[in-house]
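Visitor: Handing you this structure, nothing more for now.
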Amino acid sequence: MLSQQEAIDIFTRSGALMEGHFKLTSGRHSNRYMQCAQVLQYPQFTEQLAAHIAEKYADTKIDMVIGPAMGGIIVAYEVARQLNVPGIFCERENSQMVLRRGFAIKPGSRMLVVEDVVTTGGSVMEVMEIVKAAGGEVAGVAVLVDRSAGKVDFRVRQEAVLTMDIESWLPEDCPLCKEGLGEAIKPGSRS
């Protein structure tokens with residue numbers, strides 16, 4: 001298993017953990033940003049991070065791994081590969097998270113829900129609802145990065161490779177804006 005420092009080193013070396021002045025999806029500002037797509041482009045890092053999750057759930061019966069598109073697709077695939085179970089994903093259709101592409105969850109299936117980064121947990125909760133609606137059971141949640149520092153509670157077993165308390169502010173309270181450090185940039189995938 002990776003230590004917190006080893007995980008930080010992987011995220012920093014890959015360029016996933018950035019420092020600067022950022023506008024988050026929520027509209028809040030932060031001095032740090034986690035762009036997991038940067039780390040997931042390196043198979044050796046992805047394998048190490050997924051191994052941490054797979055080891056945490058090795059003693060738990062998991063029938064399938066599921067994650068939300070986009071961030072959870074690669075994570076779901078690699079964790080599923082290491083657990084030797086199928087891996088699927090949900091995606092948005094008309095702003096609603098759905099199963100497509102012929103993916104199905106058998107009633108009674110024990111599902112591990114995975115994601116790259118959790119800040120508020122919204123996407124993970126949507127995936128959990130899909131699992132429950134299909135008659136599956138959420139056996140656990142695992143994320144590469146928990147930006148909430150453990151504040152988000154999914155009411156099931158949860159594991160994170162890296163837990164961080166990344167500070168954020170309302171734009172009007174942002175100390176970086178007040179210091180005149182330039183406009184906040186939005187490097188994420190949502191516009």
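Naming works like this for the structure tokens: A, B, ... for the chains as they're shown, residue 1 at the start of each chain, ligands 1 onward in shown order.
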Please provide the set of residues having any atom within 12 Å of A:Pro86, restricted to only C-alpha atoms, with same-chain residues fewer than 4 positions apart removed, written as a list in words.
Guide: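 So the residues in contact are Ile62, Asp63, Met64, Val65, Ile66, Gly67, Ala76, Tyr77, Glu78, Val79, Ala80, Arg81, Gln82, Phe103, Ala104, Ile105, Ser109, Arg110, Met111 and Leu112 of chain A.
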Visitor: Those same residues, written as an mmCIF file, in the first residue's frame with N, CA and C atoms?
Guide:
data_model
loop_
_atom_site.group_PDB
_atom_site.id
_atom_site.type_symbol
_atom_site.label_atom_id
_atom_site.label_comp_id
_atom_site.auth_asym_id
_atom_site.auth_seq_id
_atom_site.Cartn_x
_atom_site.Cartn_y
_atom_site.Cartn_z
ATOM 1 N N ILE A 62 -16.534 -8.571 -3.991
ATOM 2 C CA ILE A 62 -16.911 -7.565 -4.986
ATOM 3 C C ILE A 62 -17.233 -8.314 -6.274
ATOM 4 N N ASP A 63 -18.431 -8.079 -6.826
ATOM 5 C CA ASP A 63 -18.828 -8.717 -8.078
ATOM 6 C C ASP A 63 -18.503 -7.859 -9.290
ATOM 7 N N MET A 64 -18.471 -6.547 -9.090
ATOM 8 C CA MET A 64 -18.264 -5.638 -10.215
ATOM 9 C C MET A 64 -17.823 -4.278 -9.677
ATOM 10 N N VAL A 65 -17.049 -3.563 -10.498
ATOM 11 C CA VAL A 65 -16.616 -2.204 -10.161
ATOM 12 C C VAL A 65 -17.317 -1.258 -11.130
ATOM 13 N N ILE A 66 -17.762 -0.105 -10.621
ATOM 14 C CA ILE A 66 -18.466 0.880 -11.443
ATOM 15 C C ILE A 66 -17.988 2.271 -11.074
ATOM 16 N N GLY A 67 -17.872 3.139 -12.084
ATOM 17 C CA GLY A 67 -17.476 4.520 -11.845
ATOM 18 C C GLY A 67 -18.201 5.450 -12.787
ATOM 19 N N ALA A 76 -12.138 2.607 -12.690
ATOM 20 C CA ALA A 76 -12.984 1.407 -12.617
ATOM 21 C C ALA A 76 -12.344 0.255 -13.382
ATOM 22 N N TYR A 77 -11.837 0.537 -14.569
ATOM 23 C CA TYR A 77 -11.205 -0.510 -15.369
ATOM 24 C C TYR A 77 -10.027 -1.146 -14.626
ATOM 25 N N GLU A 78 -9.111 -0.314 -14.138
ATOM 26 C CA GLU A 78 -7.891 -0.849 -13.536
ATOM 27 C C GLU A 78 -8.149 -1.535 -12.204
ATOM 28 N N VAL A 79 -9.044 -0.989 -11.381
ATOM 29 C CA VAL A 79 -9.372 -1.652 -10.115
ATOM 30 C C VAL A 79 -10.061 -2.985 -10.414
ATOM 31 N N ALA A 80 -10.981 -3.001 -11.379
ATOM 32 C CA ALA A 80 -11.666 -4.243 -11.759
ATOM 33 C C ALA A 80 -10.664 -5.272 -12.266
ATOM 34 N N ARG A 81 -9.706 -4.834 -13.085
ATOM 35 C CA ARG A 81 -8.685 -5.746 -13.606
ATOM 36 C C ARG A 81 -7.919 -6.390 -12.463
ATOM 37 N N GLN A 82 -7.555 -5.574 -11.482
ATOM 38 C CA GLN A 82 -6.773 -6.103 -10.371
ATOM 39 C C GLN A 82 -7.595 -6.992 -9.439
ATOM 40 N N PHE A 103 -24.525 -1.984 -20.602
ATOM 41 C CA PHE A 103 -24.099 -2.344 -19.257
ATOM 42 C C PHE A 103 -25.326 -2.637 -18.401
ATOM 43 N N ALA A 104 -25.198 -3.634 -17.537
ATOM 44 C CA ALA A 104 -26.300 -3.996 -16.641
ATOM 45 C C ALA A 104 -25.732 -4.448 -15.303
ATOM 46 N N ILE A 105 -26.521 -4.263 -14.280
ATOM 47 C CA ILE A 105 -26.171 -4.692 -12.928
ATOM 48 C C ILE A 105 -27.178 -5.764 -12.539
ATOM 49 N N SER A 109 -25.909 -8.013 -6.956
ATOM 50 C CA SER A 109 -24.475 -7.820 -7.206
ATOM 51 C C SER A 109 -23.871 -6.872 -6.182
ATOM 52 N N ARG A 110 -22.709 -7.255 -5.676
ATOM 53 C CA ARG A 110 -21.982 -6.403 -4.732
ATOM 54 C C ARG A 110 -21.038 -5.527 -5.537
ATOM 55 N N MET A 111 -21.310 -4.229 -5.518
ATOM 56 C CA MET A 111 -20.628 -3.268 -6.385
ATOM 57 C C MET A 111 -19.668 -2.397 -5.584
ATOM 58 N N LEU A 112 -18.484 -2.168 -6.169
ATOM 59 C CA LEU A 112 -17.543 -1.190 -5.636
ATOM 60 C C LEU A 112 -17.630 0.033 -6.533
#
Visitor: I'd like the neighbourhood of A:Arg147 as JSON, numbers by chain, where a residue qualifies if any of its atoms comes within 8 Å (using only C-alpha atoms), though same-chain residues fewer than 2 positions away should be ignored.
Guide: {"A": [117, 118, 119, 145, 149, 150, 163, 164, 165, 166]}
Visitor: Take the residues from that selection and put them in a file with N, CA and C atoms, as a short mmCIF file (atom, residue, chain, number, x, y, z; two decimals), in the first residue's frame.
Guide:
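The resulting selection_8.cif:
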data_model
loop_
_atom_site.label_atom_id
_atom_site.label_comp_id
_atom_site.auth_asym_id
_atom_site.auth_seq_id
_atom_site.Cartn_x
_atom_site.Cartn_y
_atom_site.Cartn_z
N VAL A 117 -11.65 11.85 -8.20
CA VAL A 117 -11.61 12.87 -7.15
C VAL A 117 -13.00 13.09 -6.58
N VAL A 118 -13.09 13.19 -5.26
CA VAL A 118 -14.35 13.53 -4.60
C VAL A 118 -14.16 14.85 -3.89
N THR A 119 -15.06 15.79 -4.18
CA THR A 119 -15.09 17.06 -3.45
C THR A 119 -16.38 17.13 -2.65
N VAL A 145 -8.54 10.44 -4.82
CA VAL A 145 -8.32 11.61 -3.98
C VAL A 145 -9.63 12.05 -3.33
N ALA A 149 -11.28 15.78 2.74
CA ALA A 149 -10.60 15.36 3.98
C ALA A 149 -11.51 14.51 4.85
N GLY A 150 -12.31 13.67 4.22
CA GLY A 150 -13.18 12.76 4.96
C GLY A 150 -14.51 13.33 5.36
N THR A 163 -5.99 11.51 0.99
CA THR A 163 -6.99 12.37 1.62
C THR A 163 -6.34 13.72 1.86
N MET A 164 -6.99 14.76 1.31
CA MET A 164 -6.43 16.11 1.42
C MET A 164 -7.52 17.08 1.82
N ASP A 165 -7.16 18.06 2.59
CA ASP A 165 -8.06 19.16 2.91
C ASP A 165 -7.59 20.35 2.08
N ILE A 166 -8.11 20.43 0.86
CA ILE A 166 -7.72 21.51 -0.04
C ILE A 166 -8.67 22.67 0.21
#
Visitor: Write out as a ChimeraX atom specification which residues come within 9 Å of A:Lys106 when counting only C-alpha atoms, dropping same-chain ones fewer than 3 positions away.
Guide: /A:109,134-136
Visitor: My list of candidates is A:Gly15, A:Gln48, A:Gln4, A:Leu144. Which is closest to A:Gly71 when distances are computed with only C-alpha atoms?
Guide: A:Leu144
Visitor: Hey, which of A:Val161, A:Pro187, A:Glu129, A:Val152 ends up closest to A:Ser3? Count only C-alpha atoms.
Guide: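 Of all the options, A:Val161 lies closest to A:Ser3.
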Visitor: Give me every strand (DSSP E or B) residue in stretch 132-161 of chain A, going by DSSP on the backbone, as a PyMOL selection string.
Guide: chain A and resi 137-146+148+158-161
Visitor: Which is closest to A:Glu47 among A:Ile74, A:Leu170, A:Ile130, A:Gln96, if we use only C-alpha atoms?
Guide: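 Once distances to A:Glu47 are computed over only C-alpha atoms, the minimum belongs to A:Ile74.
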Visitor: Could you pull out the helix (DSSP H, G or I) residues of chain A, going by DSSP on the backbone, and write them as a PyMOL selection string?
Guide: chain A and resi 4-13+36-40+43-56+71-83+122-133+171-173+175-178
Visitor: Counting only C-alpha atoms, what is within 9 Å of A:Phe22, bar same-chain residues fewer than 2 positions away, as a list in words?
Guide: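 Here the qualifying residues turn out to be Glu19, Gly20, Leu24, Arg28, His29, Ser30, Asn31, Arg32, Tyr33, Glu183, Ala184, Ile185, Lys186 and Pro187 of chain A.
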Visitor: Next, write the just-selected residues to a file, as a short mmCIF file (atom, residue, chain, number, x, y, z; two decimals), in the first residue's frame, keeping C-alpha atoms as the atom set.
Guide:
data_model
loop_
_atom_site.label_atom_id
_atom_site.label_comp_id
_atom_site.auth_asym_id
_atom_site.auth_seq_id
_atom_site.Cartn_x
_atom_site.Cartn_y
_atom_site.Cartn_z
CA GLU A 19 -0.54 25.03 -7.27
CA GLY A 20 -1.83 28.44 -8.38
CA LEU A 24 -13.40 25.01 -9.08
CA ARG A 28 -15.26 28.48 -5.41
CA HIS A 29 -11.58 29.46 -5.67
CA SER A 30 -8.59 27.46 -4.43
CA ASN A 31 -4.79 27.62 -4.40
CA ARG A 32 -4.49 23.91 -5.26
CA TYR A 33 -6.10 21.84 -7.99
CA GLU A 183 -7.86 35.80 -12.50
CA ALA A 184 -8.62 32.26 -11.31
CA ILE A 185 -8.21 29.66 -14.05
CA LYS A 186 -10.48 26.64 -14.57
CA PRO A 187 -8.39 23.66 -15.67
#
Visitor: Measuring atom to atom with only C-alpha atoms, identify which of A:Leu40, A:Ile53, A:Lys61, A:Val127 is nearest to A:Gln158.
Guide: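 Residue with the minimum atom-to-atom distance to A:Gln158: A:Ile53.
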Visitor: Between A:Ala54, A:Ala16, A:Ile8, A:Met34, which has the minimum distance to A:Val85 (counting only C-alpha atoms)?
Guide: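 Among the listed residues, A:Ala54 lies closest to A:Val85.
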